file final.cif (mmCIF, C-alpha atoms)
data_run
loop_
_atom_site.group_PDB
_atom_site.id
_atom_site.type_symbol
_atom_site.label_atom_id
_atom_site.label_comp_id
_atom_site.auth_asym_id
_atom_site.auth_seq_id
_atom_site.Cartn_x
_atom_site.Cartn_y
_atom_site.Cartn_z
ATOM 1 C CA MET I 1 160.058 -43.053 18.393
ATOM 2 C CA GLY I 2 157.374 -40.658 19.727
ATOM 3 C CA PHE I 3 153.702 -41.349 20.533
ATOM 4 C CA GLY I 4 154.324 -42.033 24.209
ATOM 5 C CA LYS I 5 157.544 -43.896 23.529
ATOM 6 C CA LEU I 6 160.999 -42.663 24.360
ATOM 7 C CA ASP I 7 162.252 -40.289 21.635
ATOM 8 C CA GLY I 8 165.569 -41.045 19.987
ATOM 9 C CA LEU I 9 167.344 -42.587 17.038
ATOM 10 C CA VAL I 10 167.403 -46.346 16.354
ATOM 11 C CA ILE I 11 170.228 -47.905 14.342
ATOM 12 C CA ASP I 12 170.559 -51.534 13.262
ATOM 13 C CA TYR I 13 174.228 -52.473 13.494
ATOM 14 C CA LYS I 14 175.893 -55.900 13.433
ATOM 15 C CA ASN I 15 172.747 -57.822 14.476
ATOM 16 C CA SER I 16 172.140 -55.308 17.261
ATOM 17 C CA GLU I 17 169.631 -52.560 17.699
ATOM 18 C CA ILE I 18 171.204 -49.403 19.093
ATOM 19 C CA PHE I 19 169.001 -46.682 20.522
ATOM 20 C CA ILE I 20 170.472 -43.215 21.116
ATOM 21 C CA THR I 21 168.843 -40.326 22.956
ATOM 22 C CA SER I 22 169.922 -37.266 24.876
ATOM 23 C CA LYS I 23 170.020 -37.408 28.653
ATOM 24 C CA ASN I 24 167.457 -34.584 28.786
ATOM 25 C CA LEU I 25 164.908 -36.556 26.727
ATOM 26 C CA PHE I 26 165.754 -39.724 28.657
ATOM 27 C CA TYR I 27 165.237 -38.188 32.095
ATOM 28 C CA SER I 28 162.100 -36.355 30.973
ATOM 29 C CA HIS I 29 160.561 -39.606 29.739
ATOM 30 C CA PHE I 30 161.378 -41.535 32.922
ATOM 31 C CA LYS I 31 160.664 -38.899 35.575
ATOM 32 C CA GLU I 32 157.551 -40.816 36.732
ATOM 33 C CA LYS I 33 159.782 -43.861 37.329
ATOM 34 C CA ASN I 34 162.100 -41.710 39.486
ATOM 35 C CA ILE I 35 164.984 -42.145 37.065
ATOM 36 C CA ASN I 36 166.887 -38.885 37.287
ATOM 37 C CA SER I 37 170.375 -40.356 37.077
ATOM 38 C CA ILE I 38 172.008 -43.278 35.332
ATOM 39 C CA ARG I 39 173.964 -44.106 38.467
ATOM 40 C CA ASN I 40 172.726 -46.831 40.812
ATOM 41 C CA LEU I 41 169.760 -48.043 38.789
ATOM 42 C CA PHE I 42 168.020 -51.120 40.134
ATOM 43 C CA GLU I 43 166.434 -54.038 38.304
ATOM 44 C CA GLU I 44 162.897 -52.637 38.019
ATOM 45 C CA GLN I 45 164.217 -49.366 36.594
ATOM 46 C CA LEU I 46 166.336 -51.195 34.028
ATOM 47 C CA GLU I 47 163.299 -53.268 33.024
ATOM 48 C CA ALA I 48 161.260 -50.062 32.579
ATOM 49 C CA ILE I 49 163.978 -48.605 30.344
ATOM 50 C CA PHE I 50 164.216 -51.663 28.090
ATOM 51 C CA THR I 51 160.428 -52.090 28.035
ATOM 52 C CA ALA I 52 160.075 -48.499 26.787
ATOM 53 C CA LEU I 53 161.845 -49.604 23.610
ATOM 54 C CA ALA I 54 159.593 -52.630 23.008
ATOM 55 C CA SER I 55 156.343 -52.403 21.139
ATOM 56 C CA ASP I 56 154.175 -54.929 22.967
ATOM 57 C CA ALA I 57 156.212 -56.840 25.503
ATOM 58 C CA ASN I 58 157.821 -56.355 28.880
ATOM 59 C CA ALA I 59 161.559 -56.624 29.359
ATOM 60 C CA LYS I 60 162.654 -58.886 32.186
ATOM 61 C CA ILE I 61 166.172 -58.867 33.585
ATOM 62 C CA TYR I 62 167.653 -62.137 34.809
ATOM 63 C CA PHE I 63 171.162 -60.967 35.467
ATOM 64 C CA PHE I 64 172.941 -57.612 35.485
ATOM 65 C CA GLU I 65 176.236 -56.058 36.435
ATOM 66 C CA ILE I 66 177.456 -52.494 36.523
ATOM 67 C CA ASP I 67 180.710 -51.962 34.643
ATOM 68 C CA THR I 68 182.771 -49.483 36.658
ATOM 69 C CA SER I 69 186.001 -49.856 34.698
ATOM 70 C CA ASN I 70 185.722 -46.367 33.171
ATOM 71 C CA SER I 71 184.772 -43.329 35.238
ATOM 72 C CA ASN I 72 183.604 -41.453 32.103
ATOM 73 C CA HIS I 73 180.978 -44.090 31.264
ATOM 74 C CA GLN I 74 178.235 -45.753 33.232
ATOM 75 C CA ILE I 75 177.548 -49.187 31.718
ATOM 76 C CA TYR I 76 174.920 -51.751 32.734
ATOM 77 C CA ARG I 77 175.431 -55.229 31.305
ATOM 78 C CA CYS I 78 172.198 -57.205 31.381
ATOM 79 C CA ILE I 79 170.929 -60.586 30.267
ATOM 80 C CA GLY I 80 167.180 -60.916 29.942
ATOM 81 C CA GLY I 81 164.327 -61.182 27.516
ATOM 82 C CA PHE I 82 160.971 -59.872 26.394
ATOM 83 C CA THR I 83 157.794 -61.503 27.620
ATOM 84 C CA GLN I 84 154.067 -60.960 27.523
ATOM 85 C CA ASP I 85 153.372 -63.400 30.356
ATOM 86 C CA ILE I 86 155.212 -64.124 33.551
ATOM 87 C CA ASP I 87 156.604 -67.614 33.136
ATOM 88 C CA PRO I 88 160.108 -68.946 33.518
ATOM 89 C CA PHE I 89 162.004 -69.188 30.267
ATOM 90 C CA PRO I 90 165.687 -68.900 29.509
ATOM 91 C CA PRO I 91 166.882 -65.370 28.737
ATOM 92 C CA ASP I 92 167.454 -64.618 25.072
ATOM 93 C CA TYR I 93 168.634 -60.983 24.909
ATOM 94 C CA PHE I 94 171.573 -58.849 25.867
ATOM 95 C CA PHE I 95 170.549 -55.420 27.111
ATOM 96 C CA ILE I 96 173.294 -52.850 27.545
ATOM 97 C CA LEU I 97 172.751 -49.340 28.860
ATOM 98 C CA VAL I 98 175.575 -46.854 28.392
ATOM 99 C CA SER I 99 175.716 -43.283 29.637
ATOM 100 C CA ARG I 100 178.398 -41.272 27.889
ATOM 101 C CA ASN I 101 178.716 -37.479 27.938
ATOM 102 C CA ASP I 102 175.278 -35.977 27.128
ATOM 103 C CA TYR I 103 173.819 -39.156 25.608
ATOM 104 C CA VAL I 104 172.282 -42.455 26.629
ATOM 105 C CA TYR I 105 172.775 -45.531 24.444
ATOM 106 C CA VAL I 106 170.760 -48.720 24.712
ATOM 107 C CA ILE I 107 172.004 -51.769 22.856
ATOM 108 C CA MET I 108 169.754 -54.784 22.444
ATOM 109 C CA LYS I 109 170.971 -57.967 20.804
ATOM 110 C CA LYS I 110 169.424 -61.401 20.559
ATOM 111 C CA ILE I 111 171.697 -63.990 22.190
ATOM 112 C CA ASP I 112 173.138 -66.250 19.500
ATOM 113 C CA MET I 113 173.157 -69.457 21.523
ATOM 114 C CA GLN I 114 170.139 -71.219 23.032
ATOM 115 C CA LEU I 115 170.514 -71.039 26.803
ATOM 116 C CA ASP I 116 169.520 -73.891 29.033
ATOM 117 C CA GLN I 117 167.072 -73.316 31.842
ATOM 118 C CA LEU I 118 168.748 -73.255 35.260
ATOM 119 C CA LYS I 119 167.077 -76.222 36.935
ATOM 120 C CA GLU I 120 167.110 -74.889 40.493
ATOM 121 C CA SER I 121 165.542 -71.568 39.451
ATOM 122 C CA GLY I 122 162.759 -73.417 37.649
ATOM 123 C CA GLU I 123 162.165 -75.633 40.678
ATOM 124 C CA ILE I 124 161.742 -72.557 42.895
ATOM 125 C CA TYR I 125 159.183 -71.096 40.470
ATOM 126 C CA ASN I 126 157.231 -74.371 40.241
ATOM 127 C CA SER I 127 157.212 -74.966 44.012
ATOM 128 C CA ILE I 128 155.748 -71.513 44.690
ATOM 129 C CA ASN I 129 153.017 -72.001 42.081
ATOM 130 C CA ALA I 130 152.188 -75.418 43.582
ATOM 131 C CA ASP I 131 152.002 -74.095 47.163
ATOM 132 C CA SER I 132 148.264 -73.797 47.884
ATOM 133 C CA ALA I 133 148.755 -71.196 50.641
ATOM 134 C CA VAL I 134 150.604 -68.883 48.287
ATOM 135 C CA SER I 135 148.314 -69.723 45.347
ATOM 136 C CA GLU I 136 145.426 -67.950 47.070
ATOM 137 C CA ASN I 137 147.385 -64.733 46.637
ATOM 138 C CA ASP I 138 146.539 -62.885 43.399
ATOM 139 C CA ASN I 139 150.228 -62.078 42.876
ATOM 140 C CA VAL I 140 151.497 -65.661 43.022
ATOM 141 C CA GLY I 141 152.982 -65.412 39.519
ATOM 142 C CA GLU I 142 154.833 -62.226 40.415
ATOM 143 C CA ILE I 143 156.115 -63.702 43.679
ATOM 144 C CA ALA I 144 157.321 -66.838 41.897
ATOM 145 C CA TRP I 145 158.900 -64.759 39.122
ATOM 146 C CA SER I 146 160.728 -62.520 41.596
ATOM 147 C CA LYS I 147 162.200 -65.493 43.468
ATOM 148 C CA TYR I 148 163.105 -67.140 40.156
ATOM 149 C CA GLN I 149 164.974 -64.020 38.993
ATOM 150 C CA LYS I 150 166.863 -63.660 42.268
ATOM 151 C CA ARG I 151 167.931 -67.300 42.239
ATOM 152 C CA PHE I 152 168.902 -67.109 38.561
ATOM 153 C CA HIS I 153 171.124 -64.104 39.313
ATOM 154 C CA VAL I 154 172.956 -66.053 42.030
ATOM 155 C CA LEU I 155 173.323 -69.302 40.066
ATOM 156 C CA PHE I 156 174.201 -67.844 36.691
ATOM 157 C CA LYS I 157 177.769 -66.777 37.525
ATOM 158 C CA THR I 158 178.658 -70.394 38.336
ATOM 159 C CA ASN I 159 176.935 -71.827 35.249
ATOM 160 C CA GLU I 160 179.075 -73.020 32.315
ATOM 161 C CA GLN I 161 177.071 -70.754 29.957
ATOM 162 C CA PHE I 162 178.218 -67.631 31.812
ATOM 163 C CA ASP I 163 181.750 -67.337 30.386
ATOM 164 C CA SER I 164 180.726 -67.465 26.727
ATOM 165 C CA LEU I 165 177.987 -64.881 27.333
ATOM 166 C CA GLN I 166 180.415 -62.634 29.201
ATOM 167 C CA ASN I 167 182.797 -62.825 26.244
ATOM 168 C CA GLU I 168 180.026 -61.842 23.848
ATOM 169 C CA LEU I 169 178.942 -58.983 26.123
ATOM 170 C CA ASN I 170 182.541 -57.754 26.335
ATOM 171 C CA LEU I 171 182.781 -57.726 22.542
ATOM 172 C CA ILE I 172 179.541 -55.734 22.195
ATOM 173 C CA ILE I 173 180.688 -53.221 24.816
ATOM 174 C CA SER I 174 184.164 -52.833 23.320
ATOM 175 C CA ASN I 175 182.534 -52.039 19.955
ATOM 176 C CA ALA I 176 180.190 -49.570 21.666
ATOM 177 C CA LYS I 177 183.071 -47.742 23.344
ATOM 178 C CA ASN I 178 184.658 -47.042 19.960
#

call {"tool": "encode", "arguments": {"input": "final.cif", "output": "structure tokens"}}
result
Amino acid sequence: MGFGKLDGLVIDYKNSEIFITSKNLFYSHFKEKNINSIRNLFEEQLEAIFTALASDANAKIYFFEIDTSNSNHQIYRCIGGFTQDIDPFPPDYFFILVSRNDYVYVIMKKIDMQLDQLKESGEIYNSINADSAVSENDNVGEIAWSKYQKRFHVLFKTNEQFDSLQNELNLIISNAKN
């Protein structure tokens, strides 16, 4: 991609965008973000990785899991979206990060179904924005967003939408492993 972006190869495959780069290029690009291993990444680091592949938007992660079923691969399964503003909206992308041998693969796919907003997460966001004591803080949007994301992560596993998304994620990952 070049020009300040992460260098690698982008392939469109089965309604997905697959980005492939070497671990050396990957770690070199993200050294300022203290990403020197694919193991034990946290949410902000994953967002930085997916944002590096976007042209003019920030990636936001609502939910992620680490797939530890194969010791030869490190796989992060994420549900999120791209945004230019911090506002609650349902996630609309799968983000998958796979470390395999000397390469890093990032798979991004638009979610086929329209997800419903999780009511309780939205209520948390709105209550923080309405709180006048917190509103005096310049970072009120970021505080509200952070609490929204955390609550979404907790609630999502019990939501009826979770199983169908997990099935779709499993299919994407099984194709990626081959």

call {"tool": "closest_residue", "arguments": {"input": "final.cif", "among": "I:Ile49, I:Lys147, I:Gly80, I:Val10", "to": "I:Lys110", "atoms": "all atoms listed in the file"}}
result
I:Gly80

call {"tool": "atom_distance", "arguments": {"input": "final.cif", "atom1": "atom CA of I:Phe30", "atom2": "atom CA of I:Asp67"}}
result
22.0 Å

call {"tool": "closest_residue", "arguments": {"input": "final.cif", "among": "I:Lys14, I:Lys33, I:Lys60, I:Lys23", "to": "I:Ser146", "atoms": "all atoms listed in the file"}}
result
I:Lys60

call {"tool": "atom_distance", "arguments": {"input": "final.cif", "atom1": "atom CA of I:Ile172", "atom2": "atom CA of I:Tyr105"}}
result
12.4 Å

call {"tool": "closest_residue", "arguments": {"input": "final.cif", "among": "I:Asp112, I:Glu32, I:Asp7, I:Glu168", "to": "I:Arg77", "atoms": "only C-alpha atoms"}}
result
I:Glu168

call {"tool": "resolve_selection", "arguments": {"input": "final.cif", "expression": "the PyMOL selection byres ((chain I and resi 41) around 12)", "output": "list in words"}}
result
Lys33, Asn34, Ile35, Asn36, Ser37, Ile38, Arg39, Asn40, Phe42, Glu43, Glu44, Gln45, Leu46, Glu47, Ala48, Ile49, Phe64, Glu65, Ile66, Gln74, Ile75, Tyr76, Arg77, Leu97, Val98 and Ser99 of chain I

call {"tool": "write_last_selection", "arguments": {"input": "final.cif", "atoms": "C-alpha atoms", "output": "PDB file, in the frame of the given file"}}
result
ATOM      1  CA  LYS I  33     159.782 -43.861  37.329  1.00  0.00           C
ATOM      2  CA  ASN I  34     162.100 -41.710  39.486  1.00  0.00           C
ATOM      3  CA  ILE I  35     164.984 -42.145  37.065  1.00  0.00           C
ATOM      4  CA  ASN I  36     166.887 -38.885  37.287  1.00  0.00           C
ATOM      5  CA  SER I  37     170.375 -40.356  37.077  1.00  0.00           C
ATOM      6  CA  ILE I  38     172.008 -43.278  35.332  1.00  0.00           C
ATOM      7  CA  ARG I  39     173.964 -44.106  38.467  1.00  0.00           C
ATOM      8  CA  ASN I  40     172.726 -46.831  40.812  1.00  0.00           C
ATOM      9  CA  PHE I  42     168.020 -51.120  40.134  1.00  0.00           C
ATOM     10  CA  GLU I  43     166.434 -54.038  38.304  1.00  0.00           C
ATOM     11  CA  GLU I  44     162.897 -52.637  38.019  1.00  0.00           C
ATOM     12  CA  GLN I  45     164.217 -49.366  36.594  1.00  0.00           C
ATOM     13  CA  LEU I  46     166.336 -51.195  34.028  1.00  0.00           C
ATOM     14  CA  GLU I  47     163.299 -53.268  33.024  1.00  0.00           C
ATOM     15  CA  ALA I  48     161.260 -50.062  32.579  1.00  0.00           C
ATOM     16  CA  ILE I  49     163.978 -48.605  30.344  1.00  0.00           C
ATOM     17  CA  PHE I  64     172.941 -57.612  35.485  1.00  0.00           C
ATOM     18  CA  GLU I  65     176.236 -56.058  36.435  1.00  0.00           C
ATOM     19  CA  ILE I  66     177.456 -52.494  36.523  1.00  0.00           C
ATOM     20  CA  GLN I  74     178.235 -45.753  33.232  1.00  0.00           C
ATOM     21  CA  ILE I  75     177.548 -49.187  31.718  1.00  0.00           C
ATOM     22  CA  TYR I  76     174.920 -51.751  32.734  1.00  0.00           C
ATOM     23  CA  ARG I  77     175.431 -55.229  31.305  1.00  0.00           C
ATOM     24  CA  LEU I  97     172.751 -49.340  28.860  1.00  0.00           C
ATOM     25  CA  VAL I  98     175.575 -46.854  28.392  1.00  0.00           C
ATOM     26  CA  SER I  99     175.716 -43.283  29.637  1.00  0.00           C
TER      27      SER I  99
END

call {"tool": "atom_distance", "arguments": {"input": "final.cif", "atom1": "atom CA of I:Asp92", "atom2": "atom CA of I:Val104"}}
result
22.7 Å

call {"tool": "closest_residue", "arguments": {"input": "final.cif", "among": "I:Phe19, I:Ile79, I:Phe152, I:Trp145", "to": "I:Leu165", "atoms": "all atoms listed in the file"}}
result
I:Ile79

call {"tool": "closest_residue", "arguments": {"input": "final.cif", "among": "I:Val106, I:Asn159, I:Ile111, I:Thr68", "to": "I:Thr21", "atoms": "all atoms listed in the file"}}
result
I:Val106

call {"tool": "closest_residue", "arguments": {"input": "final.cif", "among": "I:Asn24, I:Ile61, I:Ala52, I:Ile18", "to": "I:Pro90", "atoms": "only C-alpha atoms"}}
result
I:Ile61
